[in-house]
file model-v7.pdb (PDB, C-alpha atoms and all ligand atoms)
MODEL        1
ATOM      1  CA  MET P   1     -66.615 -42.045 -26.178  1.00  0.00           C
ATOM      2  CA  THR P   2     -63.731 -40.800 -28.334  1.00  0.00           C
ATOM      3  CA  ARG P   3     -61.742 -38.058 -26.615  1.00  0.00           C
ATOM      4  CA  ILE P   4     -59.807 -35.421 -28.536  1.00  0.00           C
ATOM      5  CA  ALA P   5     -57.481 -32.833 -26.986  1.00  0.00           C
ATOM      6  CA  VAL P   6     -56.851 -29.464 -28.611  1.00  0.00           C
ATOM      7  CA  LEU P   7     -53.279 -28.917 -27.441  1.00  0.00           C
ATOM      8  CA  ILE P   8     -52.017 -25.337 -27.133  1.00  0.00           C
ATOM      9  CA  GLY P   9     -48.366 -25.576 -28.181  1.00  0.00           C
ATOM     10  CA  SER P  10     -47.093 -22.146 -27.126  1.00  0.00           C
ATOM     11  CA  THR P  11     -46.585 -20.884 -23.587  1.00  0.00           C
ATOM     12  CA  ARG P  12     -45.351 -17.275 -23.786  1.00  0.00           C
ATOM     13  CA  PRO P  13     -47.336 -14.414 -22.174  1.00  0.00           C
ATOM     14  CA  GLY P  14     -49.562 -12.797 -24.809  1.00  0.00           C
ATOM     15  CA  ARG P  15     -49.507 -15.868 -27.080  1.00  0.00           C
ATOM     16  CA  ARG P  16     -52.132 -16.175 -29.798  1.00  0.00           C
ATOM     17  CA  GLY P  17     -52.414 -19.931 -29.166  1.00  0.00           C
ATOM     18  CA  VAL P  18     -55.240 -19.473 -26.676  1.00  0.00           C
ATOM     19  CA  VAL P  19     -57.369 -17.482 -29.160  1.00  0.00           C
ATOM     20  CA  VAL P  20     -56.773 -20.060 -31.911  1.00  0.00           C
ATOM     21  CA  ALA P  21     -57.469 -23.043 -29.631  1.00  0.00           C
ATOM     22  CA  ASP P  22     -60.684 -21.452 -28.350  1.00  0.00           C
ATOM     23  CA  TRP P  23     -61.823 -20.998 -31.948  1.00  0.00           C
ATOM     24  CA  VAL P  24     -60.978 -24.649 -32.705  1.00  0.00           C
ATOM     25  CA  ALA P  25     -62.977 -25.840 -29.689  1.00  0.00           C
ATOM     26  CA  ARG P  26     -65.976 -23.641 -30.581  1.00  0.00           C
ATOM     27  CA  ALA P  27     -65.954 -24.665 -34.250  1.00  0.00           C
ATOM     28  CA  ALA P  28     -65.427 -28.341 -33.364  1.00  0.00           C
ATOM     29  CA  ALA P  29     -68.567 -28.256 -31.204  1.00  0.00           C
ATOM     30  CA  ALA P  30     -70.567 -27.955 -34.463  1.00  0.00           C
ATOM     31  CA  HIS P  31     -69.055 -31.143 -35.929  1.00  0.00           C
ATOM     32  CA  PRO P  32     -71.805 -33.800 -36.198  1.00  0.00           C
ATOM     33  CA  ALA P  33     -69.905 -36.405 -34.134  1.00  0.00           C
ATOM     34  CA  VAL P  34     -69.223 -33.856 -31.389  1.00  0.00           C
ATOM     35  CA  ALA P  35     -72.776 -32.497 -31.454  1.00  0.00           C
ATOM     36  CA  ALA P  36     -74.080 -36.090 -31.234  1.00  0.00           C
ATOM     37  CA  GLY P  37     -72.004 -36.730 -28.101  1.00  0.00           C
ATOM     38  CA  GLU P  38     -69.865 -39.418 -29.759  1.00  0.00           C
ATOM     39  CA  VAL P  39     -66.692 -37.323 -29.553  1.00  0.00           C
ATOM     40  CA  ALA P  40     -65.589 -35.020 -26.715  1.00  0.00           C
ATOM     41  CA  VAL P  41     -63.220 -32.128 -27.432  1.00  0.00           C
ATOM     42  CA  ASP P  42     -61.229 -30.424 -24.640  1.00  0.00           C
ATOM     43  CA  VAL P  43     -58.586 -27.714 -24.709  1.00  0.00           C
ATOM     44  CA  VAL P  44     -55.321 -28.786 -23.026  1.00  0.00           C
ATOM     45  CA  ASP P  45     -52.932 -25.909 -22.330  1.00  0.00           C
ATOM     46  CA  LEU P  46     -49.221 -26.720 -22.020  1.00  0.00           C
ATOM     47  CA  ALA P  47     -48.860 -23.639 -19.839  1.00  0.00           C
ATOM     48  CA  ASP P  48     -51.122 -25.222 -17.193  1.00  0.00           C
ATOM     49  CA  HIS P  49     -48.719 -28.138 -16.786  1.00  0.00           C
ATOM     50  CA  ALA P  50     -45.535 -26.113 -16.321  1.00  0.00           C
ATOM     51  CA  LEU P  51     -43.230 -28.936 -17.347  1.00  0.00           C
ATOM     52  CA  PRO P  52     -39.539 -28.217 -16.686  1.00  0.00           C
ATOM     53  CA  LEU P  53     -36.981 -28.964 -19.394  1.00  0.00           C
ATOM     54  CA  LEU P  54     -36.876 -32.752 -19.641  1.00  0.00           C
ATOM     55  CA  ASP P  55     -35.550 -33.977 -16.302  1.00  0.00           C
ATOM     56  CA  GLU P  56     -36.379 -37.703 -16.416  1.00  0.00           C
ATOM     57  CA  PRO P  57     -33.251 -39.861 -16.024  1.00  0.00           C
ATOM     58  CA  VAL P  58     -34.646 -42.673 -18.196  1.00  0.00           C
ATOM     59  CA  PRO P  59     -35.964 -42.211 -21.784  1.00  0.00           C
ATOM     60  CA  ALA P  60     -39.772 -42.251 -21.986  1.00  0.00           C
ATOM     61  CA  LEU P  61     -39.688 -45.450 -24.064  1.00  0.00           C
ATOM     62  CA  ALA P  62     -38.909 -47.321 -20.809  1.00  0.00           C
ATOM     63  CA  ALA P  63     -42.116 -45.986 -19.155  1.00  0.00           C
ATOM     64  CA  ASP P  64     -40.289 -45.473 -15.858  1.00  0.00           C
ATOM     65  CA  TYR P  65     -41.438 -41.998 -14.921  1.00  0.00           C
ATOM     66  CA  ARG P  66     -39.755 -40.713 -11.743  1.00  0.00           C
ATOM     67  CA  HIS P  67     -41.349 -37.281 -11.377  1.00  0.00           C
ATOM     68  CA  GLU P  68     -44.841 -36.287 -10.343  1.00  0.00           C
ATOM     69  CA  HIS P  69     -45.064 -33.710 -13.169  1.00  0.00           C
ATOM     70  CA  THR P  70     -44.311 -36.466 -15.725  1.00  0.00           C
ATOM     71  CA  ARG P  71     -46.911 -38.806 -14.234  1.00  0.00           C
ATOM     72  CA  GLY P  72     -49.465 -35.979 -14.266  1.00  0.00           C
ATOM     73  CA  TRP P  73     -48.695 -35.136 -17.905  1.00  0.00           C
ATOM     74  CA  ALA P  74     -48.839 -38.861 -18.802  1.00  0.00           C
ATOM     75  CA  GLU P  75     -52.263 -39.138 -17.205  1.00  0.00           C
ATOM     76  CA  VAL P  76     -53.563 -36.169 -19.224  1.00  0.00           C
ATOM     77  CA  ILE P  77     -52.192 -37.320 -22.599  1.00  0.00           C
ATOM     78  CA  GLY P  78     -53.001 -40.979 -21.901  1.00  0.00           C
ATOM     79  CA  SER P  79     -56.665 -40.099 -21.397  1.00  0.00           C
ATOM     80  CA  TYR P  80     -57.076 -38.860 -25.016  1.00  0.00           C
ATOM     81  CA  ASP P  81     -57.528 -40.835 -28.235  1.00  0.00           C
ATOM     82  CA  GLY P  82     -56.501 -38.095 -30.638  1.00  0.00           C
ATOM     83  CA  PHE P  83     -55.064 -34.592 -30.790  1.00  0.00           C
ATOM     84  CA  VAL P  84     -55.376 -31.302 -32.603  1.00  0.00           C
ATOM     85  CA  PHE P  85     -52.004 -29.596 -32.252  1.00  0.00           C
ATOM     86  CA  VAL P  86     -52.405 -25.812 -32.250  1.00  0.00           C
ATOM     87  CA  THR P  87     -48.919 -24.598 -33.036  1.00  0.00           C
ATOM     88  CA  PRO P  88     -47.213 -21.386 -34.084  1.00  0.00           C
ATOM     89  CA  GLU P  89     -43.984 -21.234 -36.057  1.00  0.00           C
ATOM     90  CA  TYR P  90     -40.877 -20.169 -34.136  1.00  0.00           C
ATOM     91  CA  ASN P  91     -37.749 -19.855 -36.289  1.00  0.00           C
ATOM     92  CA  HIS P  92     -39.073 -22.249 -38.930  1.00  0.00           C
ATOM     93  CA  SER P  93     -40.098 -24.902 -36.414  1.00  0.00           C
ATOM     94  CA  PHE P  94     -42.628 -25.468 -33.622  1.00  0.00           C
ATOM     95  CA  PRO P  95     -42.017 -24.140 -30.069  1.00  0.00           C
ATOM     96  CA  ALA P  96     -39.370 -25.762 -27.885  1.00  0.00           C
ATOM     97  CA  ALA P  97     -41.977 -26.089 -25.112  1.00  0.00           C
ATOM     98  CA  LEU P  98     -44.036 -28.351 -27.362  1.00  0.00           C
ATOM     99  CA  LYS P  99     -41.039 -30.514 -28.327  1.00  0.00           C
ATOM    100  CA  ASN P 100     -40.211 -30.861 -24.640  1.00  0.00           C
ATOM    101  CA  ALA P 101     -43.795 -31.906 -23.848  1.00  0.00           C
ATOM    102  CA  VAL P 102     -43.683 -34.553 -26.591  1.00  0.00           C
ATOM    103  CA  ASP P 103     -40.291 -35.860 -25.401  1.00  0.00           C
ATOM    104  CA  PHE P 104     -41.538 -36.441 -21.842  1.00  0.00           C
ATOM    105  CA  LEU P 105     -43.803 -39.335 -22.926  1.00  0.00           C
ATOM    106  CA  PHE P 106     -43.922 -42.274 -25.307  1.00  0.00           C
ATOM    107  CA  ALA P 107     -46.645 -44.931 -24.784  1.00  0.00           C
ATOM    108  CA  GLU P 108     -49.236 -42.231 -24.075  1.00  0.00           C
ATOM    109  CA  TRP P 109     -48.827 -40.925 -27.656  1.00  0.00           C
ATOM    110  CA  ASN P 110     -48.643 -44.316 -29.375  1.00  0.00           C
ATOM    111  CA  ASP P 111     -51.176 -45.417 -32.017  1.00  0.00           C
ATOM    112  CA  LYS P 112     -53.167 -42.205 -31.792  1.00  0.00           C
ATOM    113  CA  ALA P 113     -54.020 -39.720 -34.543  1.00  0.00           C
ATOM    114  CA  ALA P 114     -53.382 -35.985 -34.856  1.00  0.00           C
ATOM    115  CA  GLY P 115     -54.379 -33.025 -36.968  1.00  0.00           C
ATOM    116  CA  PHE P 116     -52.896 -29.518 -37.045  1.00  0.00           C
ATOM    117  CA  VAL P 117     -53.990 -25.922 -36.808  1.00  0.00           C
ATOM    118  CA  SER P 118     -50.995 -23.638 -37.335  1.00  0.00           C
ATOM    119  CA  TYR P 119     -50.339 -19.942 -37.414  1.00  0.00           C
ATOM    120  CA  GLY P 120     -47.464 -17.529 -37.849  1.00  0.00           C
ATOM    121  CA  ALA P 121     -46.238 -14.792 -40.151  1.00  0.00           C
ATOM    122  CA  HIS P 122     -46.265 -17.372 -42.953  1.00  0.00           C
ATOM    123  CA  GLY P 123     -48.974 -19.671 -41.586  1.00  0.00           C
ATOM    124  CA  GLY P 124     -46.848 -22.082 -39.583  1.00  0.00           C
ATOM    125  CA  ILE P 125     -46.504 -24.521 -42.463  1.00  0.00           C
ATOM    126  CA  ARG P 126     -42.843 -25.287 -41.708  1.00  0.00           C
ATOM    127  CA  ALA P 127     -43.632 -25.831 -38.021  1.00  0.00           C
ATOM    128  CA  VAL P 128     -46.168 -28.505 -38.924  1.00  0.00           C
ATOM    129  CA  GLU P 129     -43.832 -30.216 -41.405  1.00  0.00           C
ATOM    130  CA  GLN P 130     -41.295 -30.624 -38.600  1.00  0.00           C
ATOM    131  CA  LEU P 131     -43.903 -31.626 -36.013  1.00  0.00           C
ATOM    132  CA  ARG P 132     -45.202 -34.399 -38.292  1.00  0.00           C
ATOM    133  CA  THR P 133     -41.711 -35.916 -38.412  1.00  0.00           C
ATOM    134  CA  VAL P 134     -41.324 -35.795 -34.628  1.00  0.00           C
ATOM    135  CA  LEU P 135     -44.777 -37.294 -34.023  1.00  0.00           C
ATOM    136  CA  ALA P 136     -44.021 -40.202 -36.361  1.00  0.00           C
ATOM    137  CA  GLU P 137     -41.288 -41.265 -33.923  1.00  0.00           C
ATOM    138  CA  VAL P 138     -43.801 -41.506 -31.061  1.00  0.00           C
ATOM    139  CA  LYS P 139     -46.183 -43.425 -33.330  1.00  0.00           C
ATOM    140  CA  VAL P 140     -48.785 -40.732 -33.936  1.00  0.00           C
ATOM    141  CA  ALA P 141     -50.560 -40.901 -37.323  1.00  0.00           C
ATOM    142  CA  THR P 142     -51.024 -37.411 -38.771  1.00  0.00           C
ATOM    143  CA  VAL P 143     -53.880 -36.500 -41.102  1.00  0.00           C
ATOM    144  CA  ARG P 144     -53.457 -34.549 -44.338  1.00  0.00           C
ATOM    145  CA  THR P 145     -55.807 -31.589 -43.988  1.00  0.00           C
ATOM    146  CA  GLN P 146     -54.312 -28.629 -42.128  1.00  0.00           C
ATOM    147  CA  VAL P 147     -55.808 -25.293 -41.126  1.00  0.00           C
ATOM    148  CA  PHE P 148     -53.472 -22.301 -41.069  1.00  0.00           C
ATOM    149  CA  PHE P 149     -53.543 -18.598 -40.265  1.00  0.00           C
ATOM    150  CA  SER P 150     -50.961 -16.190 -41.693  1.00  0.00           C
ATOM    151  CA  MET P 151     -50.277 -12.480 -41.409  1.00  0.00           C
ATOM    152  CA  ALA P 152     -51.208 -12.153 -45.081  1.00  0.00           C
ATOM    153  CA  GLY P 153     -54.715 -13.566 -44.600  1.00  0.00           C
ATOM    154  CA  ASP P 154     -55.411 -13.134 -40.894  1.00  0.00           C
ATOM    155  CA  LEU P 155     -53.585  -9.977 -39.824  1.00  0.00           C
ATOM    156  CA  GLU P 156     -56.126  -9.302 -37.055  1.00  0.00           C
ATOM    157  CA  LEU P 157     -55.168 -12.509 -35.245  1.00  0.00           C
ATOM    158  CA  PHE P 158     -51.758 -10.947 -34.656  1.00  0.00           C
ATOM    159  CA  THR P 159     -52.691  -7.263 -34.251  1.00  0.00           C
ATOM    160  CA  ASP P 160     -56.155  -7.330 -32.650  1.00  0.00           C
ATOM    161  CA  PRO P 161     -57.017 -10.928 -31.685  1.00  0.00           C
ATOM    162  CA  ASP P 162     -60.305  -9.995 -29.974  1.00  0.00           C
ATOM    163  CA  ALA P 163     -61.627  -8.746 -33.341  1.00  0.00           C
ATOM    164  CA  TRP P 164     -60.326 -11.750 -35.313  1.00  0.00           C
ATOM    165  CA  THR P 165     -62.493 -14.511 -36.683  1.00  0.00           C
ATOM    166  CA  ALA P 166     -61.732 -17.396 -39.048  1.00  0.00           C
ATOM    167  CA  SER P 167     -63.033 -17.433 -42.621  1.00  0.00           C
ATOM    168  CA  THR P 168     -65.676 -19.802 -43.979  1.00  0.00           C
ATOM    169  CA  TYR P 169     -62.938 -21.623 -45.920  1.00  0.00           C
ATOM    170  CA  GLN P 170     -60.888 -22.159 -42.753  1.00  0.00           C
ATOM    171  CA  THR P 171     -63.938 -23.297 -40.785  1.00  0.00           C
ATOM    172  CA  GLU P 172     -64.846 -25.788 -43.515  1.00  0.00           C
ATOM    173  CA  ASN P 173     -61.239 -26.968 -43.616  1.00  0.00           C
ATOM    174  CA  LEU P 174     -61.349 -27.585 -39.878  1.00  0.00           C
ATOM    175  CA  GLY P 175     -64.434 -29.744 -40.429  1.00  0.00           C
ATOM    176  CA  THR P 176     -62.589 -31.792 -43.058  1.00  0.00           C
ATOM    177  CA  MET P 177     -59.570 -32.166 -40.782  1.00  0.00           C
ATOM    178  CA  LEU P 178     -61.841 -33.329 -37.936  1.00  0.00           C
ATOM    179  CA  ASP P 179     -63.541 -35.853 -40.267  1.00  0.00           C
ATOM    180  CA  GLU P 180     -60.107 -37.327 -41.055  1.00  0.00           C
ATOM    181  CA  LEU P 181     -58.928 -37.163 -37.445  1.00  0.00           C
ATOM    182  CA  ILE P 182     -62.027 -38.809 -35.988  1.00  0.00           C
ATOM    183  CA  ALA P 183     -61.963 -41.568 -38.655  1.00  0.00           C
ATOM    184  CA  TRP P 184     -58.308 -42.403 -37.931  1.00  0.00           C
ATOM    185  CA  THR P 185     -58.753 -42.102 -34.165  1.00  0.00           C
ATOM    186  CA  VAL P 186     -61.576 -44.640 -34.273  1.00  0.00           C
ATOM    187  CA  ALA P 187     -59.733 -46.888 -36.776  1.00  0.00           C
ATOM    188  CA  LEU P 188     -56.673 -47.036 -34.499  1.00  0.00           C
ATOM    189  CA  LYS P 189     -58.669 -48.040 -31.416  1.00  0.00           C
ATOM    190  CA  PRO P 190     -58.119 -51.815 -31.931  1.00  0.00           C
ATOM    191  CA  VAL P 191     -54.382 -51.163 -32.368  1.00  0.00           C
ATOM    192  CA  ARG P 192     -54.285 -49.305 -29.049  1.00  0.00           C
ATOM    193  CA  THR P 193     -56.245 -52.063 -27.314  1.00  0.00           C
ATOM    194  CA  LYS P 194     -53.892 -54.733 -28.707  1.00  0.00           C
ATOM    195  CA  ALA P 195     -50.848 -52.717 -27.588  1.00  0.00           C
ATOM    196  CA  VAL P 196     -51.916 -52.788 -23.920  1.00  0.00           C
ATOM    197  CA  ALA P 197     -53.327 -56.379 -23.941  1.00  0.00           C
TER     198      ALA P 197
HETATM  199  C1  LIG F 201     -39.335 -16.646 -31.243  1.00  0.00           C
HETATM  200  C2  LIG F 201     -40.235 -16.408 -32.429  1.00  0.00           C
HETATM  201  C3  LIG F 201     -39.833 -16.831 -33.678  1.00  0.00           C
HETATM  202  C4  LIG F 201     -40.683 -16.662 -34.772  1.00  0.00           C
HETATM  203  N1  LIG F 201     -40.309 -17.178 -35.978  1.00  0.00           N
HETATM  204  C5  LIG F 201     -41.186 -17.182 -36.988  1.00  0.00           C
HETATM  205  C6  LIG F 201     -40.859 -17.859 -38.193  1.00  0.00           C
HETATM  206  O1  LIG F 201     -39.796 -18.430 -38.356  1.00  0.00           O
HETATM  207  N2  LIG F 201     -41.773 -17.866 -39.184  1.00  0.00           N
HETATM  208  C7  LIG F 201     -42.973 -17.252 -39.057  1.00  0.00           C
HETATM  209  O2  LIG F 201     -43.767 -17.319 -39.985  1.00  0.00           O
HETATM  210  N3  LIG F 201     -43.330 -16.595 -37.924  1.00  0.00           N
HETATM  211  C8  LIG F 201     -42.453 -16.556 -36.894  1.00  0.00           C
HETATM  212  N4  LIG F 201     -42.782 -15.915 -35.710  1.00  0.00           N
HETATM  213  C9  LIG F 201     -44.094 -15.258 -35.600  1.00  0.00           C
HETATM  214  C10 LIG F 201     -45.031 -16.145 -34.802  1.00  0.00           C
HETATM  215  O3  LIG F 201     -45.389 -17.318 -35.466  1.00  0.00           O
HETATM  216  C11 LIG F 201     -46.255 -15.378 -34.339  1.00  0.00           C
HETATM  217  O4  LIG F 201     -45.810 -14.261 -33.594  1.00  0.00           O
HETATM  218  C12 LIG F 201     -47.172 -16.221 -33.451  1.00  0.00           C
HETATM  219  O5  LIG F 201     -48.225 -15.439 -32.974  1.00  0.00           O
HETATM  220  C13 LIG F 201     -46.408 -16.828 -32.267  1.00  0.00           C
HETATM  221  O6  LIG F 201     -47.219 -17.718 -31.556  1.00  0.00           O
HETATM  222  P1  LIG F 201     -47.730 -17.373 -30.089  1.00  0.00           P
HETATM  223  O7  LIG F 201     -48.397 -15.992 -30.204  1.00  0.00           O
HETATM  224  O8  LIG F 201     -48.728 -18.437 -29.722  1.00  0.00           O
HETATM  225  O9  LIG F 201     -46.515 -17.348 -29.214  1.00  0.00           O
HETATM  226  C14 LIG F 201     -41.929 -16.022 -34.606  1.00  0.00           C
HETATM  227  C15 LIG F 201     -42.300 -15.548 -33.332  1.00  0.00           C
HETATM  228  C16 LIG F 201     -41.480 -15.759 -32.254  1.00  0.00           C
HETATM  229  C17 LIG F 201     -41.931 -15.293 -30.887  1.00  0.00           C
ENDMDL
END
call {"tool": "encode", "arguments": {"input": "model-v7.pdb", "output": "structure tokens", "more": "lines below"}}
Ligand SMILES: Cc1cc2nc3c(=O)[nH]c(=O)nc-3n(C[C@H](O)[C@H](O)[C@H](O)COP(=O)(O)O)c2cc1C
result
Amino acid sequence: MTRIAVLIGSTRPGRRGVVVADWVARAAAAHPAVAAGEVAVDVVDLADHALPLLDEPVPALAADYRHEHTRGWAEVIGSYDGFVFVTPEYNHSFPAALKNAVDFLFAEWNDKAAGFVSYGAHGGIRAVEQLRTVLAEVKVATVRTQVFFSMAGDLELFTDPDAWTASTYQTENLGTMLDELIAWTVALKPVRTKAVA
């Protein structure tokens, strides 16, 4: 079975990332491949892993993890084939906690695919542009279609998240993004197998 993680990229108390990720997981359940049991979708919350600022003495490329928290994080990320990054925009980029979580690992990200759901005052577009560049360095292939939520179109997400719901357009866009993500995740499977052979 193909396993996809919906990664919550923000960690602050009161973050909207949980609401957005829960919507992604609920909407993804209706995707034909998920409904058919061919693809599993889980929410993975960075806040549950409480990673410190990078404290490994050796760069992740060397795969010589010294700390239990790194090995635990590696086990989580290594168990997934693809990712939906749920990220806000912080000062025109994605959160430092998410960059730190990416930096901890290398092989566990390699030859996998990712899609993005972003949000922020202006939709988180700049955060995703930067995240794509970072993910390229850890050999993650990123799909084109992106879902975003801005204060202009989705004010309730920021002011009254319990009352917020995504539009039909956004829900359809998520379906398109998942089509692309699942196709690339499956297509990259032989590359991942070859890499560990
Ligand atoms: C430190 C910080 C910086 C922010 N910078 C931006 C920004 O540059 N552009 C933007 O559109 N929104 C910005 N925002 C608004 C956030 O994207 C919005 O509050 C979002 O809900 C934050 O994600 P979170 O609730 O999951 O923490 C910023 C918010 C914070 C907390």
call {"tool": "residues_near_ligand", "arguments": {"input": "model-v7.pdb", "ligand": "ligand LIG 201 (chain F)", "cutoff": "12 Å", "atoms": "all atoms listed in the file", "output": "JSON list (two decimals) with C-alpha atoms, in the frame of the given file"}}
result
[["chain", "number", "residue", "atom", "x", "y", "z"],
["P", 7, "LEU", "CA", -53.28, -28.92, -27.44],
["P", 8, "ILE", "CA", -52.02, -25.34, -27.13],
["P", 9, "GLY", "CA", -48.37, -25.58, -28.18],
["P", 10, "SER", "CA", -47.09, -22.15, -27.13],
["P", 11, "THR", "CA", -46.58, -20.88, -23.59],
["P", 12, "ARG", "CA", -45.35, -17.27, -23.79],
["P", 13, "PRO", "CA", -47.34, -14.41, -22.17],
["P", 14, "GLY", "CA", -49.56, -12.80, -24.81],
["P", 15, "ARG", "CA", -49.51, -15.87, -27.08],
["P", 16, "ARG", "CA", -52.13, -16.18, -29.80],
["P", 17, "GLY", "CA", -52.41, -19.93, -29.17],
["P", 18, "VAL", "CA", -55.24, -19.47, -26.68],
["P", 19, "VAL", "CA", -57.37, -17.48, -29.16],
["P", 20, "VAL", "CA", -56.77, -20.06, -31.91],
["P", 21, "ALA", "CA", -57.47, -23.04, -29.63],
["P", 45, "ASP", "CA", -52.93, -25.91, -22.33],
["P", 46, "LEU", "CA", -49.22, -26.72, -22.02],
["P", 47, "ALA", "CA", -48.86, -23.64, -19.84],
["P", 85, "PHE", "CA", -52.00, -29.60, -32.25],
["P", 86, "VAL", "CA", -52.40, -25.81, -32.25],
["P", 87, "THR", "CA", -48.92, -24.60, -33.04],
["P", 88, "PRO", "CA", -47.21, -21.39, -34.08],
["P", 89, "GLU", "CA", -43.98, -21.23, -36.06],
["P", 90, "TYR", "CA", -40.88, -20.17, -34.14],
["P", 91, "ASN", "CA", -37.75, -19.86, -36.29],
["P", 92, "HIS", "CA", -39.07, -22.25, -38.93],
["P", 93, "SER", "CA", -40.10, -24.90, -36.41],
["P", 94, "PHE", "CA", -42.63, -25.47, -33.62],
["P", 95, "PRO", "CA", -42.02, -24.14, -30.07],
["P", 96, "ALA", "CA", -39.37, -25.76, -27.88],
["P", 97, "ALA", "CA", -41.98, -26.09, -25.11],
["P", 98, "LEU", "CA", -44.04, -28.35, -27.36],
["P", 117, "VAL", "CA", -53.99, -25.92, -36.81],
["P", 118, "SER", "CA", -51.00, -23.64, -37.34],
["P", 119, "TYR", "CA", -50.34, -19.94, -37.41],
["P", 120, "GLY", "CA", -47.46, -17.53, -37.85],
["P", 121, "ALA", "CA", -46.24, -14.79, -40.15],
["P", 122, "HIS", "CA", -46.26, -17.37, -42.95],
["P", 123, "GLY", "CA", -48.97, -19.67, -41.59],
["P", 124, "GLY", "CA", -46.85, -22.08, -39.58],
["P", 125, "ILE", "CA", -46.50, -24.52, -42.46],
["P", 126, "ARG", "CA", -42.84, -25.29, -41.71],
["P", 127, "ALA", "CA", -43.63, -25.83, -38.02],
["P", 128, "VAL", "CA", -46.17, -28.50, -38.92],
["P", 148, "PHE", "CA", -53.47, -22.30, -41.07],
["P", 149, "PHE", "CA", -53.54, -18.60, -40.26],
["P", 150, "SER", "CA", -50.96, -16.19, -41.69],
["P", 151, "MET", "CA", -50.28, -12.48, -41.41],
["P", 152, "ALA", "CA", -51.21, -12.15, -45.08],
["P", 154, "ASP", "CA", -55.41, -13.13, -40.89],
["P", 155, "LEU", "CA", -53.58, -9.98, -39.82],
["P", 156, "GLU", "CA", -56.13, -9.30, -37.06],
["P", 157, "LEU", "CA", -55.17, -12.51, -35.24],
["P", 158, "PHE", "CA", -51.76, -10.95, -34.66],
["P", 159, "THR", "CA", -52.69, -7.26, -34.25],
["P", 160, "ASP", "CA", -56.16, -7.33, -32.65],
["P", 161, "PRO", "CA", -57.02, -10.93, -31.68]]
call {"tool": "atom_distance", "arguments": {"input": "model-v7.pdb", "atom1": "atom CA of Arg144 of chain P", "atom2": "atom CA of Gly78 of chain P"}}
result
23.3 Å
call {"tool": "closest_residue", "arguments": {"input": "model-v7.pdb", "among": "P:Thr70, P:Gln130, P:Thr171, P:Thr193", "to": "Asn110 of chain P", "atoms": "only C-alpha atoms"}}
result
P:Thr193
call {"tool": "residues_around", "arguments": {"input": "model-v7.pdb", "residues": "segment 174-191 of chain P", "least_positions_apart": "5", "cutoff": "12 Å", "atoms": "all atoms listed in the file", "output": "ChimeraX atom specification"}}
result
/P:1-6,20-21,23-34,38-41,80-86,109-118,139-149,166-169,196-197
call {"tool": "resolve_selection", "arguments": {"input": "model-v7.pdb", "expression": "the PyMOL selection byres (((chain P and resi 53) around 9) and not hetatm)", "output": "PyMOL selection string"}}
result
chain P and resi 51-52+54-55+97+100-101
